[in-house]
Amino acid sequence: MDGKTQLGSFLRARRSQLRPEDVGVPTYGEHRRVPGLRREELAMLAGVSPSYYTRLEQGQSLSASPEVLDAIAGALRLDESGRRHLHDLGRVDRQRTRGRRPAPERVTEAMRQLLDALGEVPAIVLGRRSDALAWNRLGHALFAGHLDPGAPDLPARRPNMARLLFLDSHVRDLYADWPSRARAVVANLRLVAAQHPEDMALHALLGELSAKSAEFAAMWAEHRVKPGTVAAYEMRHPLVGPLTVTLQTLSSGPGPGVVVATTEAGSSSRAALALLAQATSEATTRLGPSSGAAQRRPRADKD
């Protein structure tokens with residue numbers, strides 16, 4: 001799917017999600033065959049001609065100026081993430097460098113030190129495609145304890161957390177409100193796909209998930225966009241039972257981010273994490289240091 005097609009799909013999806021009463025457009029009691037605003041109504045709100053807006057939706061216009069995109073974003077009631085995403089889609093055909101591969105993702109020494117320092121806090125290093133590039137012992141135990149703790153070190157076996165969320169029953173069952181977590185992951189992937197239009201591995205992942213999961217395909221078609229920064233989720237861990245964690249992404253730039261899971265002080269969730277830490281520590285002691293993810297040094301790997 002090229003940039004113009006993605007832009008048109010985004011505009012149509014978001015327009016269909018706006019009701020006339022949401023934006024003060026009178027309907028005079030008329031019956032509408034489809035939900036959402038009409039093209040001419042959205043064009044009026046944005047201050048552009050209906051014919052020009054129609055060409056944008058149909059992929060017939062080569063580009064739109066930043067000012068026009070801002071006006072359309074305002075008419076669609078997009079938040080800041082949605083507005084930036086709209087601009088990313090509008091830039092795809094103007095500024096794309098054909099054939100350029102995205103920069104390889106690597107686990108830096110600073111990230112290794114952070115994983116070590118976090119210790120009793122579950123942490124995982126995620127790349128832009130949601131690949132698990134590294135994790136500490138507790139991060140492995142919380143998010144993917146059924147997998148080989150050394151899997152992130154091996155590019156051919158490296159887990160992809162988005163794939164696991166939709167296609168792995170163990171990871172899916174971890175979340176009491178799975179649809180909420182799934183929509184958050186899809187919304188973040190939407191942003192990344194527009195920011196990295198030449199990332200063929202990312203688009204292959206999106207194609208795989210769309211083909212294998214009807215739920216992913218439906219959520220992808222909603223065109224929701226939101227960065228995965230901070231959110232609370234109730235988890236149902238097979239070893240320690242229910243706990244509520246706040247997932248936060250720590251990032252200092254466009255590279256991989258460190259996702260940490262924190263709990264409220266003095267809560268049963270904090271106690272559950274402490275129990276999980278104790279259980280994984282005892283298992284590592286019994287099996288030897290080589291079995292623990294915390295003892296493995298994440299390598300810097302190329303894509």
# chains A, B, ... in the order shown; residues from 1 in each chain; ligands from 1
$ residues_around --residues "Leu18 in chain A" --least-positions-apart "5" --cutoff "10 Å" --atoms "only C-alpha atoms" --output "MDAnalysis selection string"
chainID A and resid 13 23 35:38 42 75:77
$ residues_around --residues "range 237-247 of chain A" --least-positions-apart "3" --cutoff "10 Å" --atoms "only C-alpha atoms" --output "count of residues only"
37
$ residues_around --residues "Glu208 in chain A" --least-positions-apart "5" --cutoff "12 Å" --atoms "only C-alpha atoms" --output "list in words"
Ala162, Arg163, Phe166, Leu167, Ala201, Leu202, His203, Ser213, Ala214, Phe216 and Ala217 of chain A
$ write_last_selection --atoms "C-alpha atoms" --output "compact mmCIF listing (two decimals), in the first residue's frame"
# COMPACT_ATOMS: atom_id res chain seq x y z
CA ALA A 162 2.90 -7.95 18.75
CA ARG A 163 2.89 -11.34 17.05
CA PHE A 166 -2.31 -11.92 18.68
CA LEU A 167 -1.10 -15.42 17.88
CA ALA A 201 10.22 -6.37 7.60
CA LEU A 202 7.62 -4.25 9.40
CA HIS A 203 5.20 -4.43 6.49
CA SER A 213 -5.76 -12.70 12.84
CA ALA A 214 -9.15 -11.33 11.90
CA PHE A 216 -5.80 -7.60 14.07
CA ALA A 217 -7.19 -6.88 10.60
$ closest_residue --among "A:Glu222, A:Glu215, A:Asp116, A:Glu67" --to "Pro179 in chain A" --atoms "only C-alpha atoms"
A:Glu215
$ select_by_dssp --residues "range 72-279 of chain A" --states "strand (DSSP E or B)" --output "short mmCIF file (atom, residue, chain, number, x, y, z; two decimals) with all heavy atoms, in the first residue's frame"
data_model
loop_
_atom_site.label_atom_id
_atom_site.label_comp_id
_atom_site.auth_asym_id
_atom_site.auth_seq_id
_atom_site.Cartn_x
_atom_site.Cartn_y
_atom_site.Cartn_z
N ALA A 123 11.48 -5.58 32.92
CA ALA A 123 11.87 -4.65 31.86
C ALA A 123 12.19 -5.44 30.59
O ALA A 123 12.75 -6.54 30.64
CB ALA A 123 13.07 -3.82 32.28
N ILE A 124 11.85 -4.84 29.46
CA ILE A 124 12.11 -5.46 28.16
C ILE A 124 12.44 -4.37 27.17
O ILE A 124 11.83 -3.30 27.16
CB ILE A 124 10.87 -6.28 27.71
CG1 ILE A 124 11.09 -6.92 26.34
CG2 ILE A 124 9.61 -5.44 27.72
CD1 ILE A 124 9.98 -7.89 25.95
N VAL A 125 13.46 -4.58 26.33
CA VAL A 125 13.84 -3.64 25.29
C VAL A 125 13.11 -4.02 24.02
O VAL A 125 13.27 -5.13 23.50
CB VAL A 125 15.36 -3.64 25.04
CG1 VAL A 125 15.72 -2.65 23.93
CG2 VAL A 125 16.12 -3.29 26.32
N LEU A 126 12.29 -3.08 23.51
CA LEU A 126 11.51 -3.33 22.30
C LEU A 126 11.99 -2.47 21.15
O LEU A 126 12.20 -1.26 21.31
CB LEU A 126 10.02 -3.06 22.54
CG LEU A 126 9.25 -4.02 23.44
CD1 LEU A 126 7.77 -3.64 23.45
CD2 LEU A 126 9.42 -5.47 22.99
N ASP A 131 9.90 -6.09 18.32
CA ASP A 131 10.80 -7.21 18.57
C ASP A 131 11.40 -7.07 19.96
O ASP A 131 11.81 -5.97 20.37
CB ASP A 131 11.94 -7.23 17.55
CG ASP A 131 11.46 -7.57 16.15
OD1 ASP A 131 10.53 -8.37 16.04
OD2 ASP A 131 12.02 -7.02 15.19
N ALA A 132 11.45 -8.18 20.70
CA ALA A 132 12.10 -8.18 22.02
C ALA A 132 13.61 -8.31 21.80
O ALA A 132 14.12 -9.39 21.51
CB ALA A 132 11.58 -9.33 22.86
N LEU A 133 14.33 -7.20 21.92
CA LEU A 133 15.77 -7.19 21.69
C LEU A 133 16.54 -7.64 22.92
O LEU A 133 17.68 -8.12 22.80
CB LEU A 133 16.22 -5.78 21.28
CG LEU A 133 15.50 -5.18 20.06
CD1 LEU A 133 16.02 -3.77 19.80
CD2 LEU A 133 15.67 -6.05 18.83
N ALA A 134 15.95 -7.48 24.09
CA ALA A 134 16.58 -7.91 25.35
C ALA A 134 15.53 -7.81 26.45
O ALA A 134 14.53 -7.10 26.31
CB ALA A 134 17.78 -7.03 25.69
N TRP A 135 15.76 -8.56 27.54
CA TRP A 135 14.91 -8.42 28.71
C TRP A 135 15.70 -8.84 29.93
O TRP A 135 16.71 -9.53 29.83
CB TRP A 135 13.63 -9.24 28.60
CG TRP A 135 13.78 -10.68 28.15
CD1 TRP A 135 14.80 -11.55 28.43
CD2 TRP A 135 12.86 -11.42 27.33
NE1 TRP A 135 14.59 -12.77 27.85
CE2 TRP A 135 13.40 -12.73 27.16
CE3 TRP A 135 11.64 -11.11 26.74
CZ2 TRP A 135 12.75 -13.71 26.43
CZ3 TRP A 135 11.00 -12.10 26.01
CH2 TRP A 135 11.55 -13.39 25.85
N ASN A 160 8.62 -11.55 18.79
CA ASN A 160 7.97 -10.30 18.46
C ASN A 160 6.73 -10.20 19.32
O ASN A 160 5.83 -11.04 19.24
CB ASN A 160 7.60 -10.24 16.98
CG ASN A 160 6.90 -8.94 16.62
OD1 ASN A 160 5.70 -8.80 16.78
ND2 ASN A 160 7.67 -7.98 16.14
N TYR A 175 -3.56 -10.93 29.69
CA TYR A 175 -4.25 -9.65 29.85
C TYR A 175 -5.74 -9.87 30.07
O TYR A 175 -6.43 -10.45 29.22
CB TYR A 175 -4.02 -8.76 28.62
CG TYR A 175 -2.57 -8.39 28.46
CD1 TYR A 175 -1.72 -9.17 27.66
CD2 TYR A 175 -2.02 -7.30 29.12
CE1 TYR A 175 -0.38 -8.86 27.54
CE2 TYR A 175 -0.68 -6.98 29.00
CZ TYR A 175 0.13 -7.77 28.21
OH TYR A 175 1.47 -7.46 28.09
N VAL A 230 2.32 5.24 28.36
CA VAL A 230 1.97 4.83 29.72
C VAL A 230 0.53 4.31 29.72
O VAL A 230 -0.37 4.96 29.19
CB VAL A 230 2.08 6.00 30.72
CG1 VAL A 230 1.72 5.52 32.12
CG2 VAL A 230 3.48 6.60 30.70
N ALA A 231 0.33 3.13 30.30
CA ALA A 231 -1.02 2.57 30.42
C ALA A 231 -1.01 1.50 31.49
O ALA A 231 -0.01 0.81 31.70
CB ALA A 231 -1.50 1.99 29.09
N ALA A 232 -2.15 1.36 32.20
CA ALA A 232 -2.28 0.34 33.25
C ALA A 232 -3.09 -0.84 32.71
O ALA A 232 -4.07 -0.65 31.99
CB ALA A 232 -2.97 0.94 34.47
N TYR A 233 -2.65 -2.04 33.07
CA TYR A 233 -3.32 -3.25 32.63
C TYR A 233 -3.42 -4.25 33.77
O TYR A 233 -2.49 -4.41 34.56
CB TYR A 233 -2.56 -3.92 31.46
CG TYR A 233 -2.49 -3.08 30.22
CD1 TYR A 233 -1.36 -2.33 29.94
CD2 TYR A 233 -3.57 -3.00 29.35
CE1 TYR A 233 -1.28 -1.54 28.81
CE2 TYR A 233 -3.52 -2.22 28.20
CZ TYR A 233 -2.37 -1.49 27.94
OH TYR A 233 -2.30 -0.70 26.82
N GLU A 234 -4.55 -4.94 33.82
CA GLU A 234 -4.69 -6.04 34.76
C GLU A 234 -4.20 -7.31 34.08
O GLU A 234 -4.65 -7.65 32.98
CB GLU A 234 -6.16 -6.22 35.18
CG GLU A 234 -6.35 -7.35 36.18
CD GLU A 234 -7.80 -7.58 36.55
OE1 GLU A 234 -8.63 -6.71 36.22
OE2 GLU A 234 -8.10 -8.64 37.13
N MET A 235 -3.25 -7.97 34.72
CA MET A 235 -2.68 -9.18 34.15
C MET A 235 -3.10 -10.39 34.99
O MET A 235 -3.40 -10.26 36.18
CB MET A 235 -1.15 -9.08 34.07
CG MET A 235 -0.66 -7.91 33.24
SD MET A 235 1.15 -7.87 33.04
CE MET A 235 1.38 -9.21 31.85
N ARG A 236 -3.10 -11.54 34.35
CA ARG A 236 -3.44 -12.79 35.03
C ARG A 236 -2.28 -13.76 34.80
O ARG A 236 -2.29 -14.53 33.83
CB ARG A 236 -4.75 -13.36 34.48
CG ARG A 236 -5.94 -12.41 34.64
CD ARG A 236 -7.18 -12.93 33.96
NE ARG A 236 -6.99 -13.05 32.51
CZ ARG A 236 -7.99 -13.19 31.64
NH1 ARG A 236 -9.25 -13.20 32.06
NH2 ARG A 236 -7.76 -13.32 30.36
N HIS A 237 -1.31 -13.69 35.69
CA HIS A 237 -0.10 -14.48 35.48
C HIS A 237 -0.30 -15.91 35.97
O HIS A 237 -0.85 -16.13 37.06
CB HIS A 237 1.08 -13.84 36.21
CG HIS A 237 2.40 -14.33 35.73
ND1 HIS A 237 2.99 -15.47 36.21
CD2 HIS A 237 3.24 -13.83 34.79
CE1 HIS A 237 4.14 -15.66 35.59
NE2 HIS A 237 4.32 -14.69 34.72
N GLY A 241 -0.87 -15.27 39.77
CA GLY A 241 -2.25 -14.80 39.78
C GLY A 241 -2.42 -13.38 39.27
O GLY A 241 -1.56 -12.84 38.58
N PRO A 242 -3.53 -12.72 39.65
CA PRO A 242 -3.83 -11.39 39.11
C PRO A 242 -2.95 -10.31 39.71
O PRO A 242 -2.59 -10.35 40.89
CB PRO A 242 -5.30 -11.18 39.52
CG PRO A 242 -5.48 -12.03 40.74
CD PRO A 242 -4.60 -13.23 40.52
N LEU A 243 -2.59 -9.35 38.87
CA LEU A 243 -1.86 -8.16 39.31
C LEU A 243 -2.09 -7.05 38.31
O LEU A 243 -2.36 -7.31 37.13
CB LEU A 243 -0.37 -8.44 39.47
CG LEU A 243 0.49 -8.69 38.22
CD1 LEU A 243 1.97 -8.47 38.55
CD2 LEU A 243 0.29 -10.10 37.68
N THR A 244 -2.05 -5.82 38.79
CA THR A 244 -2.21 -4.65 37.93
C THR A 244 -0.87 -3.95 37.79
O THR A 244 -0.25 -3.59 38.79
CB THR A 244 -3.26 -3.68 38.50
OG1 THR A 244 -4.51 -4.35 38.60
CG2 THR A 244 -3.41 -2.46 37.60
N VAL A 245 -0.43 -3.78 36.55
CA VAL A 245 0.86 -3.15 36.29
C VAL A 245 0.66 -1.91 35.43
O VAL A 245 -0.29 -1.82 34.65
CB VAL A 245 1.83 -4.11 35.59
CG1 VAL A 245 2.09 -5.35 36.44
CG2 VAL A 245 1.32 -4.50 34.21
N THR A 246 1.56 -0.95 35.60
CA THR A 246 1.61 0.21 34.72
C THR A 246 2.78 0.02 33.79
O THR A 246 3.93 -0.08 34.24
CB THR A 246 1.77 1.51 35.52
OG1 THR A 246 0.64 1.69 36.37
CG2 THR A 246 1.89 2.70 34.58
N LEU A 247 2.50 -0.07 32.49
CA LEU A 247 3.55 -0.23 31.50
C LEU A 247 3.98 1.16 31.03
O LEU A 247 3.15 1.97 30.60
CB LEU A 247 3.07 -1.06 30.31
CG LEU A 247 2.59 -2.48 30.63
CD1 LEU A 247 2.27 -3.23 29.34
CD2 LEU A 247 3.62 -3.25 31.45
N GLN A 248 5.27 1.43 31.11
CA GLN A 248 5.82 2.71 30.70
C GLN A 248 6.99 2.46 29.75
O GLN A 248 7.80 1.57 29.98
CB GLN A 248 6.33 3.51 31.90
CG GLN A 248 5.28 3.75 32.97
CD GLN A 248 5.82 4.57 34.12
OE1 GLN A 248 6.28 5.70 33.93
NE2 GLN A 248 5.80 4.01 35.32
N THR A 249 7.05 3.25 28.69
CA THR A 249 8.14 3.15 27.73
C THR A 249 9.15 4.26 27.99
O THR A 249 8.79 5.45 27.93
CB THR A 249 7.63 3.23 26.29
OG1 THR A 249 6.70 2.17 26.06
CG2 THR A 249 8.78 3.09 25.31
N LEU A 250 10.37 3.89 28.29
CA LEU A 250 11.45 4.84 28.52
C LEU A 250 12.27 4.93 27.24
O LEU A 250 12.81 3.94 26.76
CB LEU A 250 12.34 4.39 29.68
CG LEU A 250 11.61 3.97 30.97
CD1 LEU A 250 12.62 3.49 32.01
CD2 LEU A 250 10.76 5.10 31.50
N GLY A 257 13.11 1.27 22.74
CA GLY A 257 12.70 1.79 24.03
C GLY A 257 12.70 0.68 25.07
O GLY A 257 12.60 -0.51 24.73
N VAL A 258 12.80 1.07 26.32
CA VAL A 258 12.75 0.11 27.42
C VAL A 258 11.37 0.19 28.05
O VAL A 258 10.97 1.23 28.56
CB VAL A 258 13.83 0.42 28.47
CG1 VAL A 258 13.76 -0.60 29.61
CG2 VAL A 258 15.21 0.39 27.84
N VAL A 259 10.63 -0.90 28.00
CA VAL A 259 9.30 -0.97 28.60
C VAL A 259 9.44 -1.58 29.99
O VAL A 259 9.98 -2.67 30.14
CB VAL A 259 8.34 -1.82 27.74
CG1 VAL A 259 6.97 -1.92 28.42
CG2 VAL A 259 8.20 -1.22 26.35
N VAL A 260 8.97 -0.86 31.00
CA VAL A 260 9.04 -1.34 32.38
C VAL A 260 7.63 -1.50 32.92
O VAL A 260 6.70 -0.81 32.50
CB VAL A 260 9.85 -0.38 33.28
CG1 VAL A 260 11.28 -0.27 32.79
CG2 VAL A 260 9.20 0.99 33.34
N ALA A 261 7.48 -2.46 33.83
CA ALA A 261 6.18 -2.72 34.47
C ALA A 261 6.31 -2.40 35.95
O ALA A 261 7.07 -3.05 36.67
CB ALA A 261 5.77 -4.17 34.28
N THR A 262 5.59 -1.38 36.41
CA THR A 262 5.63 -0.98 37.81
C THR A 262 4.30 -1.27 38.48
O THR A 262 3.27 -1.40 37.81
CB THR A 262 5.98 0.51 37.95
OG1 THR A 262 5.00 1.29 37.25
CG2 THR A 262 7.36 0.80 37.37
#
$ select_by_dssp --residues "range 37-281 of chain A" --states "alpha helix (DSSP H)" --output "JSON, numbers by chain"
{"A": [39, 40, 41, 42, 43, 44, 45, 46, 50, 51, 52, 53, 54, 55, 56, 57, 66, 67, 68, 69, 70, 71, 72, 73, 74, 75, 80, 81, 82, 83, 84, 85, 86, 87, 88, 89, 90, 91, 92, 93, 94, 95, 109, 110, 111, 112, 113, 114, 115, 116, 117, 118, 137, 138, 139, 140, 141, 142, 143, 144, 161, 162, 163, 164, 165, 166, 167, 169, 170, 171, 172, 173, 178, 179, 180, 181, 182, 183, 184, 185, 186, 187, 188, 189, 190, 191, 192, 193, 194, 195, 200, 201, 202, 203, 204, 205, 206, 207, 208, 209, 210, 211, 212, 214, 215, 216, 217, 218, 219, 220, 221, 268, 269, 270, 271, 272, 273, 274, 275, 276, 277, 278, 279, 280, 281]}
$ closest_residue --among "A:Glu21, A:Pro149, A:Ser16, A:Gln113" --to "Arg33 in chain A" --atoms "only C-alpha atoms"
A:Ser16
$ atom_distance --atom1 "CA of His85 in chain A" --atom2 "CA of Ala194 in chain A"
6.8 Å
$ atom_distance --atom1 "CA of Pro20 in chain A" --atom2 "CA of Ala73 in chain A"
16.0 Å
$ closest_residue --among "A:Pro104, A:Gly8, A:Pro26, A:Gly74" --to "Gly59 in chain A" --atoms "only C-alpha atoms"
A:Gly8
$ atom_distance --atom1 "CA of Glu282 in chain A" --atom2 "CA of Ser169 in chain A"
26.1 Å
$ closest_residue --among "A:Leu7, A:Met44, A:Met219, A:Ala103" --to "Gln60 in chain A" --atoms "only C-alpha atoms"
A:Leu7
$ residues_around --residues "Asp70 in chain A" --least-positions-apart "4" --cutoff "12 Å" --atoms "only C-alpha atoms" --output "list in words"
Leu45, Ala46, Gly47, Val48, Ala64, Ser65, Pro66, Gly74, Ala75, Leu76, Arg77, Leu78, Asp79, Glu80, Gly82, Arg83, Arg84, His85, Leu86, His87, Asp88 and Gly90 of chain A
$ write_last_selection --atoms "C-alpha atoms" --output "short mmCIF file (atom, residue, chain, number, x, y, z; two decimals), in the first residue's frame"
data_model
loop_
_atom_site.label_atom_id
_atom_site.label_comp_id
_atom_site.auth_asym_id
_atom_site.auth_seq_id
_atom_site.Cartn_x
_atom_site.Cartn_y
_atom_site.Cartn_z
CA LEU A 45 -15.08 22.11 8.25
CA ALA A 46 -11.49 22.04 6.96
CA GLY A 47 -11.99 25.03 4.66
CA VAL A 48 -11.04 23.20 1.45
CA ALA A 64 -1.18 18.34 0.51
CA SER A 65 0.51 21.27 2.18
CA PRO A 66 1.22 21.20 5.92
CA GLY A 74 -8.63 19.99 13.13
CA ALA A 75 -11.80 19.07 11.24
CA LEU A 76 -11.29 15.39 12.13
CA ARG A 77 -10.74 16.31 15.81
CA LEU A 78 -7.40 14.50 15.83
CA ASP A 79 -5.21 14.64 18.90
CA GLU A 80 -1.51 15.50 18.61
CA GLY A 82 -3.15 11.75 15.08
CA ARG A 83 -2.06 15.09 13.63
CA ARG A 84 1.58 13.99 13.44
CA HIS A 85 0.50 10.71 11.87
CA LEU A 86 -1.49 12.58 9.23
CA HIS A 87 1.60 14.64 8.38
CA ASP A 88 3.72 11.48 8.21
CA GLY A 90 1.28 13.21 3.70
#
$ closest_residue --among "A:Arg106, A:Arg172, A:Arg12, A:Arg224" --to "Asp153 in chain A" --atoms "only C-alpha atoms"
A:Arg106
$ decode --residues "range 103-204 of chain A" --atoms "C-alpha atoms" --output "PDB file, in the first residue's frame"
ATOM      1  CA  ALA A 103      18.992   1.821  10.527  1.00  0.00           C
ATOM      2  CA  PRO A 104      19.777  -1.434  12.368  1.00  0.00           C
ATOM      3  CA  GLU A 105      18.416  -1.640  15.901  1.00  0.00           C
ATOM      4  CA  ARG A 106      20.939  -2.366  18.615  1.00  0.00           C
ATOM      5  CA  VAL A 107      20.886  -2.749  22.365  1.00  0.00           C
ATOM      6  CA  THR A 108      23.257  -0.093  23.667  1.00  0.00           C
ATOM      7  CA  GLU A 109      25.546  -0.462  26.636  1.00  0.00           C
ATOM      8  CA  ALA A 110      23.417   2.101  28.468  1.00  0.00           C
ATOM      9  CA  MET A 111      20.353  -0.102  27.957  1.00  0.00           C
ATOM     10  CA  ARG A 112      22.240  -3.123  29.258  1.00  0.00           C
ATOM     11  CA  GLN A 113      23.178  -1.189  32.352  1.00  0.00           C
ATOM     12  CA  LEU A 114      19.579  -0.056  32.802  1.00  0.00           C
ATOM     13  CA  LEU A 115      18.292  -3.636  32.606  1.00  0.00           C
ATOM     14  CA  ASP A 116      20.813  -4.661  35.248  1.00  0.00           C
ATOM     15  CA  ALA A 117      19.967  -1.690  37.472  1.00  0.00           C
ATOM     16  CA  LEU A 118      16.223  -2.310  37.302  1.00  0.00           C
ATOM     17  CA  GLY A 119      16.765  -5.767  38.753  1.00  0.00           C
ATOM     18  CA  GLU A 120      13.468  -6.466  40.520  1.00  0.00           C
ATOM     19  CA  VAL A 121      11.434  -4.410  38.028  1.00  0.00           C
ATOM     20  CA  PRO A 122      10.263  -6.257  34.892  1.00  0.00           C
ATOM     21  CA  ALA A 123      11.866  -4.654  31.857  1.00  0.00           C
ATOM     22  CA  ILE A 124      12.105  -5.457  28.164  1.00  0.00           C
ATOM     23  CA  VAL A 125      13.844  -3.637  25.290  1.00  0.00           C
ATOM     24  CA  LEU A 126      11.507  -3.334  22.300  1.00  0.00           C
ATOM     25  CA  GLY A 127      12.432  -2.343  18.772  1.00  0.00           C
ATOM     26  CA  ARG A 128      10.183  -0.346  16.473  1.00  0.00           C
ATOM     27  CA  ARG A 129       8.518  -3.537  15.185  1.00  0.00           C
ATOM     28  CA  SER A 130       7.894  -4.758  18.770  1.00  0.00           C
ATOM     29  CA  ASP A 131      10.802  -7.211  18.571  1.00  0.00           C
ATOM     30  CA  ALA A 132      12.105  -8.180  22.017  1.00  0.00           C
ATOM     31  CA  LEU A 133      15.766  -7.189  21.695  1.00  0.00           C
ATOM     32  CA  ALA A 134      16.577  -7.908  25.352  1.00  0.00           C
ATOM     33  CA  TRP A 135      14.907  -8.419  28.714  1.00  0.00           C
ATOM     34  CA  ASN A 136      15.912  -8.856  32.310  1.00  0.00           C
ATOM     35  CA  ARG A 137      15.047 -11.963  34.309  1.00  0.00           C
ATOM     36  CA  LEU A 138      11.787 -10.582  35.705  1.00  0.00           C
ATOM     37  CA  GLY A 139      10.763  -9.067  32.370  1.00  0.00           C
ATOM     38  CA  HIS A 140      11.087 -12.475  30.774  1.00  0.00           C
ATOM     39  CA  ALA A 141       9.125 -14.104  33.598  1.00  0.00           C
ATOM     40  CA  LEU A 142       6.268 -11.580  33.424  1.00  0.00           C
ATOM     41  CA  PHE A 143       5.835 -11.142  29.681  1.00  0.00           C
ATOM     42  CA  ALA A 144       7.006 -14.416  28.126  1.00  0.00           C
ATOM     43  CA  GLY A 145       8.012 -16.935  30.761  1.00  0.00           C
ATOM     44  CA  HIS A 146       7.068 -19.839  28.484  1.00  0.00           C
ATOM     45  CA  LEU A 147       9.808 -18.895  25.997  1.00  0.00           C
ATOM     46  CA  ASP A 148      13.535 -19.551  26.068  1.00  0.00           C
ATOM     47  CA  PRO A 149      15.082 -16.758  28.172  1.00  0.00           C
ATOM     48  CA  GLY A 150      17.916 -16.460  25.655  1.00  0.00           C
ATOM     49  CA  ALA A 151      15.628 -16.018  22.634  1.00  0.00           C
ATOM     50  CA  PRO A 152      16.233 -12.239  22.223  1.00  0.00           C
ATOM     51  CA  ASP A 153      19.942 -12.957  21.654  1.00  0.00           C
ATOM     52  CA  LEU A 154      19.179 -15.025  18.548  1.00  0.00           C
ATOM     53  CA  PRO A 155      17.814 -13.007  15.565  1.00  0.00           C
ATOM     54  CA  ALA A 156      16.221 -16.090  14.000  1.00  0.00           C
ATOM     55  CA  ARG A 157      14.278 -16.866  17.204  1.00  0.00           C
ATOM     56  CA  ARG A 158      13.771 -13.347  18.520  1.00  0.00           C
ATOM     57  CA  PRO A 159      10.226 -12.953  19.884  1.00  0.00           C
ATOM     58  CA  ASN A 160       7.973 -10.297  18.456  1.00  0.00           C
ATOM     59  CA  MET A 161       5.617  -9.112  21.165  1.00  0.00           C
ATOM     60  CA  ALA A 162       2.902  -7.945  18.754  1.00  0.00           C
ATOM     61  CA  ARG A 163       2.893 -11.341  17.052  1.00  0.00           C
ATOM     62  CA  LEU A 164       2.763 -13.096  20.412  1.00  0.00           C
ATOM     63  CA  LEU A 165      -0.103 -10.909  21.613  1.00  0.00           C
ATOM     64  CA  PHE A 166      -2.306 -11.915  18.680  1.00  0.00           C
ATOM     65  CA  LEU A 167      -1.100 -15.419  17.878  1.00  0.00           C
ATOM     66  CA  ASP A 168       0.197 -16.920  21.142  1.00  0.00           C
ATOM     67  CA  SER A 169      -2.472 -18.066  23.590  1.00  0.00           C
ATOM     68  CA  HIS A 170      -0.140 -17.781  26.604  1.00  0.00           C
ATOM     69  CA  VAL A 171       0.579 -14.090  26.021  1.00  0.00           C
ATOM     70  CA  ARG A 172      -3.010 -13.369  25.023  1.00  0.00           C
ATOM     71  CA  ASP A 173      -4.296 -14.873  28.278  1.00  0.00           C
ATOM     72  CA  LEU A 174      -1.971 -12.669  30.334  1.00  0.00           C
ATOM     73  CA  TYR A 175      -4.254  -9.647  29.849  1.00  0.00           C
ATOM     74  CA  ALA A 176      -7.666  -9.526  31.515  1.00  0.00           C
ATOM     75  CA  ASP A 177      -8.757  -6.853  29.022  1.00  0.00           C
ATOM     76  CA  TRP A 178      -6.985  -8.236  25.984  1.00  0.00           C
ATOM     77  CA  PRO A 179      -8.794  -6.001  23.432  1.00  0.00           C
ATOM     78  CA  SER A 180      -7.560  -2.867  25.210  1.00  0.00           C
ATOM     79  CA  ARG A 181      -3.953  -4.052  25.140  1.00  0.00           C
ATOM     80  CA  ALA A 182      -4.293  -5.240  21.549  1.00  0.00           C
ATOM     81  CA  ARG A 183      -5.699  -1.913  20.342  1.00  0.00           C
ATOM     82  CA  ALA A 184      -2.851  -0.056  22.034  1.00  0.00           C
ATOM     83  CA  VAL A 185      -0.280  -2.207  20.236  1.00  0.00           C
ATOM     84  CA  VAL A 186      -2.028  -1.755  16.869  1.00  0.00           C
ATOM     85  CA  ALA A 187      -2.304   2.018  17.367  1.00  0.00           C
ATOM     86  CA  ASN A 188       1.429   2.233  18.029  1.00  0.00           C
ATOM     87  CA  LEU A 189       2.254   0.073  15.000  1.00  0.00           C
ATOM     88  CA  ARG A 190       0.155   2.460  12.876  1.00  0.00           C
ATOM     89  CA  LEU A 191       2.407   5.334  13.907  1.00  0.00           C
ATOM     90  CA  VAL A 192       5.578   3.349  13.265  1.00  0.00           C
ATOM     91  CA  ALA A 193       4.432   2.178   9.824  1.00  0.00           C
ATOM     92  CA  ALA A 194       3.945   5.785   8.690  1.00  0.00           C
ATOM     93  CA  GLN A 195       7.296   6.849  10.161  1.00  0.00           C
ATOM     94  CA  HIS A 196       9.171   3.969   8.476  1.00  0.00           C
ATOM     95  CA  PRO A 197       7.482   3.397   5.089  1.00  0.00           C
ATOM     96  CA  GLU A 198      10.556   1.589   3.711  1.00  0.00           C
ATOM     97  CA  ASP A 199      10.765  -0.990   6.510  1.00  0.00           C
ATOM     98  CA  MET A 200       9.872  -4.110   4.553  1.00  0.00           C
ATOM     99  CA  ALA A 201      10.217  -6.369   7.599  1.00  0.00           C
ATOM    100  CA  LEU A 202       7.617  -4.252   9.401  1.00  0.00           C
ATOM    101  CA  HIS A 203       5.202  -4.426   6.487  1.00  0.00           C
ATOM    102  CA  ALA A 204       5.744  -8.195   6.252  1.00  0.00           C
TER     103      ALA A 204
END
